[in-house]
>>> print(open('data-v3.pdb').read())   # PDB, C-alpha atoms
MODEL        1
ATOM      1  CA  MET A   1      33.463  12.898 -12.943  1.00  0.00           C
ATOM      2  CA  TYR A   2      29.674  12.766 -13.307  1.00  0.00           C
ATOM      3  CA  PRO A   3      27.341  14.504 -10.842  1.00  0.00           C
ATOM      4  CA  VAL A   4      25.454  12.087  -8.601  1.00  0.00           C
ATOM      5  CA  HIS A   5      22.414  13.069  -6.599  1.00  0.00           C
ATOM      6  CA  ARG A   6      21.512  10.550  -3.874  1.00  0.00           C
ATOM      7  CA  SER A   7      17.753  10.104  -4.082  1.00  0.00           C
ATOM      8  CA  ASP A   8      15.348   7.548  -5.477  1.00  0.00           C
ATOM      9  CA  LEU A   9      16.000   9.033  -8.884  1.00  0.00           C
ATOM     10  CA  CYS A  10      19.675   9.589  -9.680  1.00  0.00           C
ATOM     11  CA  THR A  11      20.390  11.647 -12.771  1.00  0.00           C
ATOM     12  CA  PHE A  12      23.686  11.430 -14.587  1.00  0.00           C
ATOM     13  CA  ALA A  13      24.347  13.916 -17.356  1.00  0.00           C
ATOM     14  CA  ILE A  14      26.950  13.025 -19.931  1.00  0.00           C
ATOM     15  CA  LEU A  15      27.912  16.173 -21.733  1.00  0.00           C
ATOM     16  CA  HIS A  16      29.647  14.672 -24.749  1.00  0.00           C
ATOM     17  CA  ILE A  17      27.693  12.944 -27.469  1.00  0.00           C
ATOM     18  CA  MET A  18      28.025   9.213 -28.006  1.00  0.00           C
ATOM     19  CA  ASN A  19      25.778   6.626 -29.499  1.00  0.00           C
ATOM     20  CA  GLU A  20      23.384   4.609 -27.333  1.00  0.00           C
ATOM     21  CA  LYS A  21      25.522   1.441 -27.416  1.00  0.00           C
ATOM     22  CA  GLN A  22      28.614   3.311 -26.178  1.00  0.00           C
ATOM     23  CA  LEU A  23      26.527   5.078 -23.582  1.00  0.00           C
ATOM     24  CA  LEU A  24      25.127   1.862 -22.132  1.00  0.00           C
ATOM     25  CA  LYS A  25      28.597   0.277 -22.091  1.00  0.00           C
ATOM     26  CA  LYS A  26      29.965   3.265 -20.162  1.00  0.00           C
ATOM     27  CA  LEU A  27      27.006   3.133 -17.800  1.00  0.00           C
ATOM     28  CA  ARG A  28      27.624  -0.544 -17.024  1.00  0.00           C
ATOM     29  CA  SER A  29      31.293   0.012 -16.343  1.00  0.00           C
ATOM     30  CA  LEU A  30      30.932   3.182 -14.258  1.00  0.00           C
ATOM     31  CA  PHE A  31      27.687   2.975 -12.347  1.00  0.00           C
ATOM     32  CA  MET A  32      26.429  -0.594 -12.200  1.00  0.00           C
ATOM     33  CA  PRO A  33      29.049  -2.018  -9.780  1.00  0.00           C
ATOM     34  CA  ARG A  34      28.207   0.625  -7.164  1.00  0.00           C
ATOM     35  CA  PHE A  35      24.488  -0.184  -7.279  1.00  0.00           C
ATOM     36  CA  LEU A  36      25.022  -3.944  -7.515  1.00  0.00           C
ATOM     37  CA  ARG A  37      26.965  -3.880  -4.261  1.00  0.00           C
ATOM     38  CA  SER A  38      23.889  -2.405  -2.601  1.00  0.00           C
ATOM     39  CA  LYS A  39      21.712  -5.127  -4.179  1.00  0.00           C
ATOM     40  CA  ALA A  40      19.421  -2.598  -5.824  1.00  0.00           C
ATOM     41  CA  THR A  41      17.224  -3.403  -8.783  1.00  0.00           C
ATOM     42  CA  ILE A  42      17.885  -0.856 -11.472  1.00  0.00           C
ATOM     43  CA  LYS A  43      15.772   0.385 -14.349  1.00  0.00           C
ATOM     44  CA  ILE A  44      17.687   2.381 -16.935  1.00  0.00           C
ATOM     45  CA  GLN A  45      16.108   5.012 -19.148  1.00  0.00           C
ATOM     46  CA  VAL A  46      18.142   6.711 -21.815  1.00  0.00           C
ATOM     47  CA  GLY A  47      16.784   9.784 -23.527  1.00  0.00           C
ATOM     48  CA  LEU A  48      18.118  12.589 -25.651  1.00  0.00           C
ATOM     49  CA  ARG A  49      17.504  16.037 -24.200  1.00  0.00           C
ATOM     50  CA  THR A  50      17.353  18.764 -26.776  1.00  0.00           C
ATOM     51  CA  ARG A  51      18.671  21.880 -25.107  1.00  0.00           C
ATOM     52  CA  LYS A  52      20.717  24.196 -27.184  1.00  0.00           C
ATOM     53  CA  PRO A  53      23.788  24.029 -27.023  1.00  0.00           C
ATOM     54  CA  PRO A  54      24.920  21.219 -26.572  1.00  0.00           C
ATOM     55  CA  PRO A  55      22.454  18.316 -26.888  1.00  0.00           C
ATOM     56  CA  ARG A  56      23.173  15.704 -24.243  1.00  0.00           C
ATOM     57  CA  PHE A  57      22.137  12.296 -23.097  1.00  0.00           C
ATOM     58  CA  VAL A  58      20.553  12.005 -19.687  1.00  0.00           C
ATOM     59  CA  ILE A  59      20.644   8.672 -17.935  1.00  0.00           C
ATOM     60  CA  ARG A  60      18.197   8.037 -15.159  1.00  0.00           C
ATOM     61  CA  VAL A  61      18.899   5.193 -12.819  1.00  0.00           C
ATOM     62  CA  ARG A  62      15.894   4.344 -10.705  1.00  0.00           C
ATOM     63  CA  GLN A  63      16.412   2.318  -7.628  1.00  0.00           C
ATOM     64  CA  LYS A  64      13.356   0.113  -7.503  1.00  0.00           C
ATOM     65  CA  ARG A  65      11.536   0.952  -4.300  1.00  0.00           C
ATOM     66  CA  ARG A  66      10.997  -1.788  -1.844  1.00  0.00           C
ATOM     67  CA  SER A  67       7.374  -1.624  -1.113  1.00  0.00           C
ATOM     68  CA  ALA A  68       6.956   0.746   1.795  1.00  0.00           C
ATOM     69  CA  LEU A  69       3.999  -1.281   2.592  1.00  0.00           C
ATOM     70  CA  VAL A  70       2.555  -3.513   4.928  1.00  0.00           C
ATOM     71  CA  GLY A  71       4.189  -5.929   7.215  1.00  0.00           C
ATOM     72  CA  THR A  72       6.455  -8.768   6.361  1.00  0.00           C
ATOM     73  CA  HIS A  73       5.183 -12.085   5.109  1.00  0.00           C
ATOM     74  CA  ALA A  74       6.204 -13.696   8.402  1.00  0.00           C
ATOM     75  CA  ALA A  75       4.124 -11.178  10.392  1.00  0.00           C
ATOM     76  CA  TYR A  76       1.200 -11.808   8.044  1.00  0.00           C
ATOM     77  CA  LYS A  77       1.395 -15.564   8.574  1.00  0.00           C
ATOM     78  CA  LYS A  78       1.745 -15.076  12.323  1.00  0.00           C
ATOM     79  CA  HIS A  79      -1.348 -12.851  12.752  1.00  0.00           C
ATOM     80  CA  LYS A  80      -3.588 -14.107   9.942  1.00  0.00           C
ATOM     81  CA  GLU A  81      -5.439 -16.797  11.911  1.00  0.00           C
ATOM     82  CA  THR A  82      -5.832 -14.579  14.982  1.00  0.00           C
ATOM     83  CA  ALA A  83      -7.339 -11.906  12.734  1.00  0.00           C
ATOM     84  CA  ARG A  84      -9.638 -14.472  11.082  1.00  0.00           C
ATOM     85  CA  GLU A  85     -10.980 -15.641  14.455  1.00  0.00           C
ATOM     86  CA  LEU A  86     -11.494 -12.059  15.625  1.00  0.00           C
ATOM     87  CA  VAL A  87     -13.278 -11.013  12.426  1.00  0.00           C
ATOM     88  CA  HIS A  88     -15.604 -14.049  12.392  1.00  0.00           C
ATOM     89  CA  ARG A  89     -16.468 -13.575  16.065  1.00  0.00           C
ATOM     90  CA  LYS A  90     -17.170  -9.850  15.624  1.00  0.00           C
ATOM     91  CA  LEU A  91     -19.119 -10.379  12.388  1.00  0.00           C
ATOM     92  CA  THR A  92     -21.386 -12.877  14.125  1.00  0.00           C
ATOM     93  CA  GLU A  93     -21.820 -10.521  17.074  1.00  0.00           C
ATOM     94  CA  HIS A  94     -22.642  -7.417  14.992  1.00  0.00           C
ATOM     95  CA  ASN A  95     -24.581  -9.188  12.259  1.00  0.00           C
ATOM     96  CA  ALA A  96     -27.086 -10.312  14.910  1.00  0.00           C
ATOM     97  CA  HIS A  97     -28.276  -6.688  14.805  1.00  0.00           C
ATOM     98  CA  TYR A  98     -28.095  -6.134  11.013  1.00  0.00           C
ATOM     99  CA  ALA A  99     -29.016  -9.608   9.667  1.00  0.00           C
ATOM    100  CA  LEU A 100     -27.116  -9.096   6.397  1.00  0.00           C
ATOM    101  CA  ALA A 101     -25.922 -11.906   4.138  1.00  0.00           C
ATOM    102  CA  PHE A 102     -22.242 -11.874   3.247  1.00  0.00           C
ATOM    103  CA  GLY A 103     -20.050 -14.093   1.094  1.00  0.00           C
ATOM    104  CA  LYS A 104     -16.437 -15.003   1.737  1.00  0.00           C
ATOM    105  CA  VAL A 105     -14.380 -13.400   4.455  1.00  0.00           C
ATOM    106  CA  ALA A 106     -10.697 -12.989   3.606  1.00  0.00           C
ATOM    107  CA  ILE A 107      -7.751 -11.809   5.664  1.00  0.00           C
ATOM    108  CA  ARG A 108      -5.205 -10.082   3.449  1.00  0.00           C
ATOM    109  CA  ASN A 109      -1.970  -8.155   3.556  1.00  0.00           C
ATOM    110  CA  GLN A 110      -3.304  -5.052   1.787  1.00  0.00           C
ATOM    111  CA  ARG A 111      -1.359  -1.844   1.249  1.00  0.00           C
ATOM    112  CA  THR A 112      -3.578   0.815   2.722  1.00  0.00           C
ATOM    113  CA  ARG A 113      -7.030  -0.478   3.540  1.00  0.00           C
ATOM    114  CA  TRP A 114      -8.208  -1.849   6.856  1.00  0.00           C
ATOM    115  CA  GLY A 115     -11.107  -3.493   5.087  1.00  0.00           C
ATOM    116  CA  SER A 116     -13.107  -3.626   1.889  1.00  0.00           C
ATOM    117  CA  CYS A 117     -16.386  -4.994   0.616  1.00  0.00           C
ATOM    118  CA  SER A 118     -17.008  -6.265  -2.906  1.00  0.00           C
ATOM    119  CA  LYS A 119     -20.205  -6.029  -4.922  1.00  0.00           C
ATOM    120  CA  LYS A 120     -20.475  -9.825  -4.558  1.00  0.00           C
ATOM    121  CA  GLY A 121     -20.739  -9.406  -0.790  1.00  0.00           C
ATOM    122  CA  ASN A 122     -17.235 -10.624   0.037  1.00  0.00           C
ATOM    123  CA  LEU A 123     -15.498  -8.939   2.965  1.00  0.00           C
ATOM    124  CA  ASN A 124     -11.731  -8.413   3.115  1.00  0.00           C
ATOM    125  CA  PHE A 125      -9.791  -7.296   6.165  1.00  0.00           C
ATOM    126  CA  HIS A 126      -6.162  -6.430   6.804  1.00  0.00           C
ATOM    127  CA  TYR A 127      -4.353  -8.915   9.044  1.00  0.00           C
ATOM    128  CA  ARG A 128      -3.238  -6.085  11.351  1.00  0.00           C
ATOM    129  CA  ILE A 129      -6.861  -5.647  12.467  1.00  0.00           C
ATOM    130  CA  ALA A 130      -5.913  -8.216  15.113  1.00  0.00           C
ATOM    131  CA  LEU A 131      -3.383  -5.717  16.509  1.00  0.00           C
ATOM    132  CA  LEU A 132      -5.869  -2.832  16.765  1.00  0.00           C
ATOM    133  CA  PRO A 133      -7.620  -1.949  20.010  1.00  0.00           C
ATOM    134  CA  GLU A 134     -10.923  -3.808  20.136  1.00  0.00           C
ATOM    135  CA  HIS A 135     -13.130  -0.728  19.796  1.00  0.00           C
ATOM    136  CA  LEU A 136     -11.360   0.215  16.537  1.00  0.00           C
ATOM    137  CA  ALA A 137     -11.580  -3.325  15.168  1.00  0.00           C
ATOM    138  CA  ASP A 138     -15.322  -3.189  15.910  1.00  0.00           C
ATOM    139  CA  TYR A 139     -15.596   0.030  13.920  1.00  0.00           C
ATOM    140  CA  VAL A 140     -13.779  -1.417  10.869  1.00  0.00           C
ATOM    141  CA  ILE A 141     -15.885  -4.579  10.912  1.00  0.00           C
ATOM    142  CA  VAL A 142     -19.202  -2.750  11.318  1.00  0.00           C
ATOM    143  CA  HIS A 143     -18.168  -0.264   8.614  1.00  0.00           C
ATOM    144  CA  GLU A 144     -17.588  -3.061   6.089  1.00  0.00           C
ATOM    145  CA  LEU A 145     -20.673  -4.950   7.229  1.00  0.00           C
ATOM    146  CA  CYS A 146     -22.826  -1.864   6.588  1.00  0.00           C
ATOM    147  CA  HIS A 147     -21.470  -1.664   3.041  1.00  0.00           C
ATOM    148  CA  LEU A 148     -23.460  -4.820   2.331  1.00  0.00           C
ATOM    149  CA  ALA A 149     -26.642  -2.766   2.764  1.00  0.00           C
ATOM    150  CA  GLU A 150     -25.353   0.584   1.422  1.00  0.00           C
ATOM    151  CA  PHE A 151     -22.446   0.395  -1.005  1.00  0.00           C
ATOM    152  CA  ASN A 152     -21.468   4.055  -0.516  1.00  0.00           C
ATOM    153  CA  HIS A 153     -20.817   6.586   2.238  1.00  0.00           C
ATOM    154  CA  SER A 154     -24.187   8.330   2.159  1.00  0.00           C
ATOM    155  CA  LYS A 155     -26.121   9.609   5.173  1.00  0.00           C
ATOM    156  CA  LYS A 156     -28.103   6.363   5.097  1.00  0.00           C
ATOM    157  CA  PHE A 157     -24.853   4.376   5.357  1.00  0.00           C
ATOM    158  CA  TRP A 158     -23.583   6.412   8.324  1.00  0.00           C
ATOM    159  CA  SER A 159     -26.939   6.073  10.092  1.00  0.00           C
ATOM    160  CA  LEU A 160     -26.595   2.275   9.720  1.00  0.00           C
ATOM    161  CA  VAL A 161     -23.106   2.405  11.254  1.00  0.00           C
ATOM    162  CA  ALA A 162     -24.403   4.660  14.063  1.00  0.00           C
ATOM    163  CA  GLN A 163     -26.972   2.028  15.077  1.00  0.00           C
ATOM    164  CA  THR A 164     -24.249  -0.107  16.692  1.00  0.00           C
ATOM    165  CA  ILE A 165     -21.385   2.398  16.915  1.00  0.00           C
ATOM    166  CA  PRO A 166     -22.793   5.817  17.856  1.00  0.00           C
ATOM    167  CA  ASP A 167     -19.307   7.327  18.296  1.00  0.00           C
ATOM    168  CA  HIS A 168     -18.105   6.204  14.839  1.00  0.00           C
ATOM    169  CA  ARG A 169     -16.731   9.663  13.965  1.00  0.00           C
ATOM    170  CA  ALA A 170     -14.406   9.700  16.956  1.00  0.00           C
ATOM    171  CA  ARG A 171     -13.279   6.122  16.284  1.00  0.00           C
ATOM    172  CA  ARG A 172     -12.603   6.945  12.656  1.00  0.00           C
ATOM    173  CA  LYS A 173     -10.392   9.877  13.697  1.00  0.00           C
ATOM    174  CA  VAL A 174      -8.442   7.660  16.100  1.00  0.00           C
ATOM    175  CA  LEU A 175      -8.088   4.951  13.421  1.00  0.00           C
ATOM    176  CA  LYS A 176      -6.385   7.436  11.090  1.00  0.00           C
ATOM    177  CA  GLY A 177      -3.521   7.539  13.589  1.00  0.00           C
ATOM    178  CA  TYR A 178      -2.906   3.828  13.016  1.00  0.00           C
ATOM    179  CA  THR A 179      -1.299   2.450   9.890  1.00  0.00           C
ATOM    180  CA  THR A 180      -1.592  -0.775   7.947  1.00  0.00           C
ATOM    181  CA  ARG A 181       2.128  -0.558   7.278  1.00  0.00           C
ATOM    182  CA  LYS A 182       4.745  -2.236   9.396  1.00  0.00           C
ATOM    183  CA  THR A 183       6.431   0.354  11.589  1.00  0.00           C
TER     184      THR A 183
ENDMDL
END
>>> encode(input="data-v3.pdb", output="structure tokens")
Amino acid sequence: MYPVHRSDLCTFAILHIMNEKQLLKKLRSLFMPRFLRSKATIKIQVGLRTRKPPPRFVIRVRQKRRSALVGTHAAYKKHKETARELVHRKLTEHNAHYALAFGKVAIRNQRTRWGSCSKKGNLNFHYRIALLPEHLADYVIVHELCHLAEFNHSKKFWSLVAQTIPDHRARRKVLKGYTTRKT
């Protein structure tokens, strides 16, 4: 039969030459039922490889990856309001020191970021900030708040962060051990 390698990218080499229509028909009959049983979304690429001898068609079947991301939508809905309350409370607390103006505050289900700051002054935070230890949540919030004054990671920015969180380097190291993804 045809060689099958079980990975995200399965390659099937058909060593005899056939036209594209015949090839796709054979693909549907041989390989599709197996993947459909596993409810995978499949993207098919057909290309002619020109190795001598013989030329052959290579069919790549990509199993569409389920986002390795973030938590589920249910977890997001569950923690979103708790995170919003925490962020607003901490922003008020820390902004008493900095006195910076900020726009909207959004709680999102982002892939990799704990927080972000836009040029318009809007602050975005991951909903899982509510699940972090309080000292790490403080660090993330102060970090984004300081971006309103310095929109980079210069020495001036880090000195702003150090005004309220002197041990920011240690907290940042600890934060790297946490993930925004659902575990």
>>> resolve_selection(input="data-v3.pdb", expression="the PyMOL selection byres ((chain A and resi 118) around 10)", output="compact mmCIF listing (two decimals) with C-alpha atoms, in the coordinates of the input")
# COMPACT_ATOMS: atom_id res chain seq x y z
CA PHE A 102 -22.24 -11.87 3.25
CA GLY A 103 -20.05 -14.09 1.09
CA LYS A 104 -16.44 -15.00 1.74
CA SER A 116 -13.11 -3.63 1.89
CA CYS A 117 -16.39 -4.99 0.62
CA LYS A 119 -20.20 -6.03 -4.92
CA LYS A 120 -20.48 -9.82 -4.56
CA GLY A 121 -20.74 -9.41 -0.79
CA ASN A 122 -17.24 -10.62 0.04
CA LEU A 123 -15.50 -8.94 2.96
CA ASN A 124 -11.73 -8.41 3.12
CA GLU A 144 -17.59 -3.06 6.09
CA HIS A 147 -21.47 -1.66 3.04
CA LEU A 148 -23.46 -4.82 2.33
CA PHE A 151 -22.45 0.40 -1.00
>>> atom_distance(input="data-v3.pdb", atom1="CA of Gln110 (chain A)", atom2="CA of Thr179 (chain A)")
11.2 Å
>>> resolve_selection(input="data-v3.pdb", expression="the PyMOL selection byres ((chain A and resi 85) around 12)", output="list of chain:residue names")
A:His79, A:Lys80, A:Glu81, A:Thr82, A:Ala83, A:Arg84, A:Leu86, A:Val87, A:His88, A:Arg89, A:Lys90, A:Leu91, A:Thr92, A:Val105, A:Ala106, A:Ile107, A:Phe125, A:Tyr127, A:Ile129, A:Ala130
>>> closest_residue(input="data-v3.pdb", among="A:Leu175, A:Ala75, A:Leu145, A:Leu132", to="Ala96 (chain A)", atoms="all atoms listed in the file")
A:Leu145
>>> residues_around(input="data-v3.pdb", residues="Thr72 (chain A)", least_positions_apart="5", cutoff="10 Å", atoms="only C-alpha atoms", output="list in words")
Lys77, Lys78, Asn109, Arg181 and Lys182 of chain A
>>> resolve_selection(input="data-v3.pdb", expression="the PyMOL selection byres ((chain A and resi 142) around 9)", output="number ranges by chain")
A: 90-91, 94-95, 137-141, 143-147, 161, 164-165
